[in-house]
Amino acid sequence: MPKTKRFQKISLTQTKKKGLGGKQQLVEDIRSCVEKYSHLYLFSVQNMRSNKLKSIRNEWKDSRFFLGKNRVIAIALGRSKESECRENLHEISKRLKGQCGIVFTDKTKEEVTKYFQKHIESDYARSGNNATETVILQPGPLEQFPFNMEPYLRQLGLPTSLQRGVVTLLKEHTVCKEGNVLTPEEARLLKLLCIHMAEFKVTVEAVWQKDGTFEEIGHGGLLVAQDDANETESENEDME
């Protein structure tokens with residue numbers, strides 16, 4: 001009989017990392033988009049969910065999204081007035097902080113802001129999020145759960161037992177309290193109870209246009225680019 005390949009060991013040393021080459025390609029792709037598209041939007045993401053962001057990408061197939069490597073994106077655009085590849089792009093670079101990204105598109109500011117203002121989806125909270133409400137369960141049958149889940153519910157902190165094959169809550173139990181930081185167990189319980197306490201939301205923070213105009217949308221005003229005396233960090237370090 002032929003030898004099965006199902007359990008063959010694979011050496012991880014054979015895997016290839018993107019490394020410097022991948023970062024250089026990213027820089028080239030971004031600079032190419034600067035020349036191709038009329039607008040660049042900086043956006044922040046609240047409660048990042050990959051599947052939801054993927055659906056947005058699919059709807060915006062005529063645009064290009066970049067996120068997850070803020071320092072490399074900043075290098076591509078230019079961190080200072082002297083190094084920027086187009087006028088005022090360093091204003092975008094110095095705002096690349098936290099969970100954010102950029103999108104290149106030919107859509108107008110009105111189209112983009114209107115789309116994202118409406119595109120808000122509720123989702124399950126994760127551990128570390130703050131509870132938006134207090135959830136208290138009353139004693140009695142929990143018929144939404146199959147009998148074989150009872151041990152797992154007890155592991156999550158619910159005082160339950162099986163009574164005639166039905167998962168039953170023995171006493172009143174507070175799952176979470178409004179304003180408190182959710183623990184991993186509380187977050188799992190809320191998901192099992194189908195209670196949403198998070199919102200996936202994309203907020204447009206700023207826009208840059210090909211003529212060099214920069215606008216910080218959050219403050220509703222046009223800004224004049226200024227030299228940033230703090231941008232003295234070596235760019236080569238981030239490309240290693």
# chains A, B, ... in the order shown; residues from 1 in each chain; ligands from 1

call {"tool": "select_by_dssp", "arguments": {"residues": "stretch 23-228 of chain A", "states": "helix (DSSP H, G or I)", "output": "PyMOL selection string"}}
result
chain A and resi 23-36+50-59+70-77+90-93+109-118+147-155+184-192+217-219

call {"tool": "residues_around", "arguments": {"residues": "A:Ile73", "least_positions_apart": "3", "cutoff": "8 Å", "atoms": "only C-alpha atoms", "output": "list in words"}}
result
Leu26, Val27, Ile30, Phe66, Lys69, Asn70, Ala76, Leu77 and Ser93 of chain A

call {"tool": "residues_around", "arguments": {"residues": "stretch 137-152 of chain A", "least_positions_apart": "3", "cutoff": "12 Å", "atoms": "only C-alpha atoms", "output": "NGL selection string"}}
result
:A and (134 or 155-176 or 185 or 188-190 or 192-194)

call {"tool": "residues_around", "arguments": {"residues": "A:Ser38", "least_positions_apart": "2", "cutoff": "7 Å", "atoms": "only C-alpha atoms", "output": "NGL selection string"}}
result
:A and (36 or 105-106 or 209-210)

call {"tool": "atom_distance", "arguments": {"atom1": "atom CA of A:Glu205", "atom2": "atom CA of A:Ser44"}}
result
6.8 Å

call {"tool": "closest_residue", "arguments": {"among": "A:Ala125, A:Leu96, A:Ile75, A:Val181", "to": "A:Glu28", "atoms": "only C-alpha atoms"}}
result
A:Ile75

call {"tool": "decode", "arguments": {"residues": "stretch 41-75 of chain A", "atoms": "N, CA, C and O atoms", "output": "PDB file, in the first residue's frame"}}
result
ATOM      1  N   TYR A  41      -7.770  58.302   1.661  1.00  0.00           N
ATOM      2  CA  TYR A  41      -8.501  58.507   2.910  1.00  0.00           C
ATOM      3  C   TYR A  41      -7.820  57.733   4.041  1.00  0.00           C
ATOM      4  O   TYR A  41      -7.458  56.559   3.888  1.00  0.00           O
ATOM      5  N   LEU A  42      -7.644  58.400   5.160  1.00  0.00           N
ATOM      6  CA  LEU A  42      -7.157  57.751   6.375  1.00  0.00           C
ATOM      7  C   LEU A  42      -8.371  57.372   7.210  1.00  0.00           C
ATOM      8  O   LEU A  42      -9.256  58.199   7.438  1.00  0.00           O
ATOM      9  N   PHE A  43      -8.422  56.123   7.651  1.00  0.00           N
ATOM     10  CA  PHE A  43      -9.569  55.692   8.452  1.00  0.00           C
ATOM     11  C   PHE A  43      -9.099  54.929   9.687  1.00  0.00           C
ATOM     12  O   PHE A  43      -8.018  54.333   9.703  1.00  0.00           O
ATOM     13  N   SER A  44      -9.915  54.971  10.726  1.00  0.00           N
ATOM     14  CA  SER A  44      -9.673  54.184  11.931  1.00  0.00           C
ATOM     15  C   SER A  44     -10.757  53.125  12.041  1.00  0.00           C
ATOM     16  O   SER A  44     -11.856  53.292  11.504  1.00  0.00           O
ATOM     17  N   VAL A  45     -10.437  52.022  12.707  1.00  0.00           N
ATOM     18  CA  VAL A  45     -11.378  50.906  12.823  1.00  0.00           C
ATOM     19  C   VAL A  45     -11.655  50.621  14.289  1.00  0.00           C
ATOM     20  O   VAL A  45     -10.735  50.464  15.092  1.00  0.00           O
ATOM     21  N   GLN A  46     -12.918  50.569  14.619  1.00  0.00           N
ATOM     22  CA  GLN A  46     -13.334  50.223  15.978  1.00  0.00           C
ATOM     23  C   GLN A  46     -13.856  48.790  15.972  1.00  0.00           C
ATOM     24  O   GLN A  46     -14.696  48.430  15.158  1.00  0.00           O
ATOM     25  N   ASN A  47     -13.319  47.954  16.881  1.00  0.00           N
ATOM     26  CA  ASN A  47     -13.700  46.539  16.962  1.00  0.00           C
ATOM     27  C   ASN A  47     -13.462  45.826  15.626  1.00  0.00           C
ATOM     28  O   ASN A  47     -14.394  45.374  14.963  1.00  0.00           O
ATOM     29  N   MET A  48     -12.196  45.757  15.245  1.00  0.00           N
ATOM     30  CA  MET A  48     -11.791  45.155  13.977  1.00  0.00           C
ATOM     31  C   MET A  48     -12.322  43.730  13.832  1.00  0.00           C
ATOM     32  O   MET A  48     -12.201  42.908  14.736  1.00  0.00           O
ATOM     33  N   ARG A  49     -12.932  43.455  12.691  1.00  0.00           N
ATOM     34  CA  ARG A  49     -13.373  42.121  12.331  1.00  0.00           C
ATOM     35  C   ARG A  49     -12.956  41.875  10.885  1.00  0.00           C
ATOM     36  O   ARG A  49     -13.402  42.562   9.974  1.00  0.00           O
ATOM     37  N   SER A  50     -12.106  40.877  10.664  1.00  0.00           N
ATOM     38  CA  SER A  50     -11.537  40.635   9.342  1.00  0.00           C
ATOM     39  C   SER A  50     -12.606  40.332   8.297  1.00  0.00           C
ATOM     40  O   SER A  50     -12.534  40.805   7.162  1.00  0.00           O
ATOM     41  N   ASN A  51     -13.626  39.551   8.687  1.00  0.00           N
ATOM     42  CA  ASN A  51     -14.658  39.178   7.711  1.00  0.00           C
ATOM     43  C   ASN A  51     -15.483  40.385   7.270  1.00  0.00           C
ATOM     44  O   ASN A  51     -15.876  40.494   6.104  1.00  0.00           O
ATOM     45  N   LYS A  52     -15.717  41.315   8.187  1.00  0.00           N
ATOM     46  CA  LYS A  52     -16.502  42.495   7.831  1.00  0.00           C
ATOM     47  C   LYS A  52     -15.698  43.453   6.945  1.00  0.00           C
ATOM     48  O   LYS A  52     -16.231  44.067   6.026  1.00  0.00           O
ATOM     49  N   LEU A  53     -14.397  43.557   7.254  1.00  0.00           N
ATOM     50  CA  LEU A  53     -13.543  44.406   6.429  1.00  0.00           C
ATOM     51  C   LEU A  53     -13.383  43.803   5.040  1.00  0.00           C
ATOM     52  O   LEU A  53     -13.312  44.521   4.037  1.00  0.00           O
ATOM     53  N   LYS A  54     -13.365  42.482   4.975  1.00  0.00           N
ATOM     54  CA  LYS A  54     -13.253  41.797   3.680  1.00  0.00           C
ATOM     55  C   LYS A  54     -14.469  42.087   2.809  1.00  0.00           C
ATOM     56  O   LYS A  54     -14.351  42.277   1.595  1.00  0.00           O
ATOM     57  N   SER A  55     -15.651  42.145   3.423  1.00  0.00           N
ATOM     58  CA  SER A  55     -16.866  42.431   2.649  1.00  0.00           C
ATOM     59  C   SER A  55     -16.835  43.855   2.098  1.00  0.00           C
ATOM     60  O   SER A  55     -17.322  44.114   0.990  1.00  0.00           O
ATOM     61  N   ILE A  56     -16.237  44.793   2.859  1.00  0.00           N
ATOM     62  CA  ILE A  56     -16.089  46.171   2.375  1.00  0.00           C
ATOM     63  C   ILE A  56     -15.136  46.195   1.186  1.00  0.00           C
ATOM     64  O   ILE A  56     -15.393  46.847   0.171  1.00  0.00           O
ATOM     65  N   ARG A  57     -14.026  45.467   1.301  1.00  0.00           N
ATOM     66  CA  ARG A  57     -13.071  45.388   0.192  1.00  0.00           C
ATOM     67  C   ARG A  57     -13.756  44.869  -1.075  1.00  0.00           C
ATOM     68  O   ARG A  57     -13.496  45.353  -2.178  1.00  0.00           O
ATOM     69  N   ASN A  58     -14.613  43.867  -0.916  1.00  0.00           N
ATOM     70  CA  ASN A  58     -15.306  43.297  -2.069  1.00  0.00           C
ATOM     71  C   ASN A  58     -16.246  44.304  -2.726  1.00  0.00           C
ATOM     72  O   ASN A  58     -16.432  44.287  -3.948  1.00  0.00           O
ATOM     73  N   GLU A  59     -16.846  45.173  -1.915  1.00  0.00           N
ATOM     74  CA  GLU A  59     -17.729  46.207  -2.461  1.00  0.00           C
ATOM     75  C   GLU A  59     -16.944  47.333  -3.124  1.00  0.00           C
ATOM     76  O   GLU A  59     -17.454  48.021  -3.999  1.00  0.00           O
ATOM     77  N   TRP A  60     -15.694  47.502  -2.701  1.00  0.00           N
ATOM     78  CA  TRP A  60     -14.846  48.585  -3.210  1.00  0.00           C
ATOM     79  C   TRP A  60     -13.725  48.005  -4.084  1.00  0.00           C
ATOM     80  O   TRP A  60     -12.550  48.292  -3.896  1.00  0.00           O
ATOM     81  N   LYS A  61     -14.080  47.199  -5.037  1.00  0.00           N
ATOM     82  CA  LYS A  61     -13.073  46.531  -5.862  1.00  0.00           C
ATOM     83  C   LYS A  61     -12.307  47.495  -6.768  1.00  0.00           C
ATOM     84  O   LYS A  61     -11.244  47.147  -7.277  1.00  0.00           O
ATOM     85  N   ASP A  62     -12.853  48.690  -6.954  1.00  0.00           N
ATOM     86  CA  ASP A  62     -12.160  49.683  -7.779  1.00  0.00           C
ATOM     87  C   ASP A  62     -11.222  50.556  -6.942  1.00  0.00           C
ATOM     88  O   ASP A  62     -10.683  51.545  -7.436  1.00  0.00           O
ATOM     89  N   SER A  63     -11.024  50.187  -5.668  1.00  0.00           N
ATOM     90  CA  SER A  63     -10.167  50.957  -4.756  1.00  0.00           C
ATOM     91  C   SER A  63      -9.113  50.028  -4.161  1.00  0.00           C
ATOM     92  O   SER A  63      -9.176  48.810  -4.324  1.00  0.00           O
ATOM     93  N   ARG A  64      -8.124  50.600  -3.438  1.00  0.00           N
ATOM     94  CA  ARG A  64      -7.072  49.800  -2.803  1.00  0.00           C
ATOM     95  C   ARG A  64      -6.965  50.143  -1.325  1.00  0.00           C
ATOM     96  O   ARG A  64      -6.818  51.310  -0.964  1.00  0.00           O
ATOM     97  N   PHE A  65      -7.046  49.108  -0.484  1.00  0.00           N
ATOM     98  CA  PHE A  65      -6.919  49.274   0.958  1.00  0.00           C
ATOM     99  C   PHE A  65      -5.542  48.807   1.427  1.00  0.00           C
ATOM    100  O   PHE A  65      -5.027  47.795   0.949  1.00  0.00           O
ATOM    101  N   PHE A  66      -4.969  49.547   2.377  1.00  0.00           N
ATOM    102  CA  PHE A  66      -3.720  49.156   3.013  1.00  0.00           C
ATOM    103  C   PHE A  66      -3.871  49.373   4.522  1.00  0.00           C
ATOM    104  O   PHE A  66      -4.220  50.467   4.954  1.00  0.00           O
ATOM    105  N   LEU A  67      -3.593  48.355   5.312  1.00  0.00           N
ATOM    106  CA  LEU A  67      -3.626  48.523   6.766  1.00  0.00           C
ATOM    107  C   LEU A  67      -2.786  47.438   7.419  1.00  0.00           C
ATOM    108  O   LEU A  67      -2.504  46.406   6.816  1.00  0.00           O
ATOM    109  N   GLY A  68      -2.370  47.705   8.656  1.00  0.00           N
ATOM    110  CA  GLY A  68      -1.631  46.718   9.417  1.00  0.00           C
ATOM    111  C   GLY A  68      -0.144  46.976   9.523  1.00  0.00           C
ATOM    112  O   GLY A  68       0.532  46.374  10.350  1.00  0.00           O
ATOM    113  N   LYS A  69       0.409  47.846   8.698  1.00  0.00           N
ATOM    114  CA  LYS A  69       1.841  48.164   8.762  1.00  0.00           C
ATOM    115  C   LYS A  69       2.008  49.685   8.714  1.00  0.00           C
ATOM    116  O   LYS A  69       2.449  50.240   7.714  1.00  0.00           O
ATOM    117  N   ASN A  70       1.648  50.327   9.797  1.00  0.00           N
ATOM    118  CA  ASN A  70       1.630  51.788   9.836  1.00  0.00           C
ATOM    119  C   ASN A  70       2.980  52.423   9.519  1.00  0.00           C
ATOM    120  O   ASN A  70       3.055  53.415   8.787  1.00  0.00           O
ATOM    121  N   ARG A  71       4.056  51.871  10.056  1.00  0.00           N
ATOM    122  CA  ARG A  71       5.371  52.474   9.852  1.00  0.00           C
ATOM    123  C   ARG A  71       5.819  52.382   8.396  1.00  0.00           C
ATOM    124  O   ARG A  71       6.377  53.333   7.842  1.00  0.00           O
ATOM    125  N   VAL A  72       5.577  51.223   7.783  1.00  0.00           N
ATOM    126  CA  VAL A  72       5.971  51.055   6.382  1.00  0.00           C
ATOM    127  C   VAL A  72       5.112  51.944   5.475  1.00  0.00           C
ATOM    128  O   VAL A  72       5.613  52.550   4.519  1.00  0.00           O
ATOM    129  N   ILE A  73       3.825  52.052   5.785  1.00  0.00           N
ATOM    130  CA  ILE A  73       2.946  52.939   5.019  1.00  0.00           C
ATOM    131  C   ILE A  73       3.432  54.382   5.135  1.00  0.00           C
ATOM    132  O   ILE A  73       3.460  55.130   4.146  1.00  0.00           O
ATOM    133  N   ALA A  74       3.835  54.778   6.360  1.00  0.00           N
ATOM    134  CA  ALA A  74       4.330  56.140   6.579  1.00  0.00           C
ATOM    135  C   ALA A  74       5.595  56.406   5.770  1.00  0.00           C
ATOM    136  O   ALA A  74       5.776  57.488   5.218  1.00  0.00           O
ATOM    137  N   ILE A  75       6.471  55.416   5.701  1.00  0.00           N
ATOM    138  CA  ILE A  75       7.694  55.567   4.912  1.00  0.00           C
ATOM    139  C   ILE A  75       7.351  55.737   3.438  1.00  0.00           C
ATOM    140  O   ILE A  75       7.943  56.564   2.733  1.00  0.00           O
TER     141      ILE A  75
END
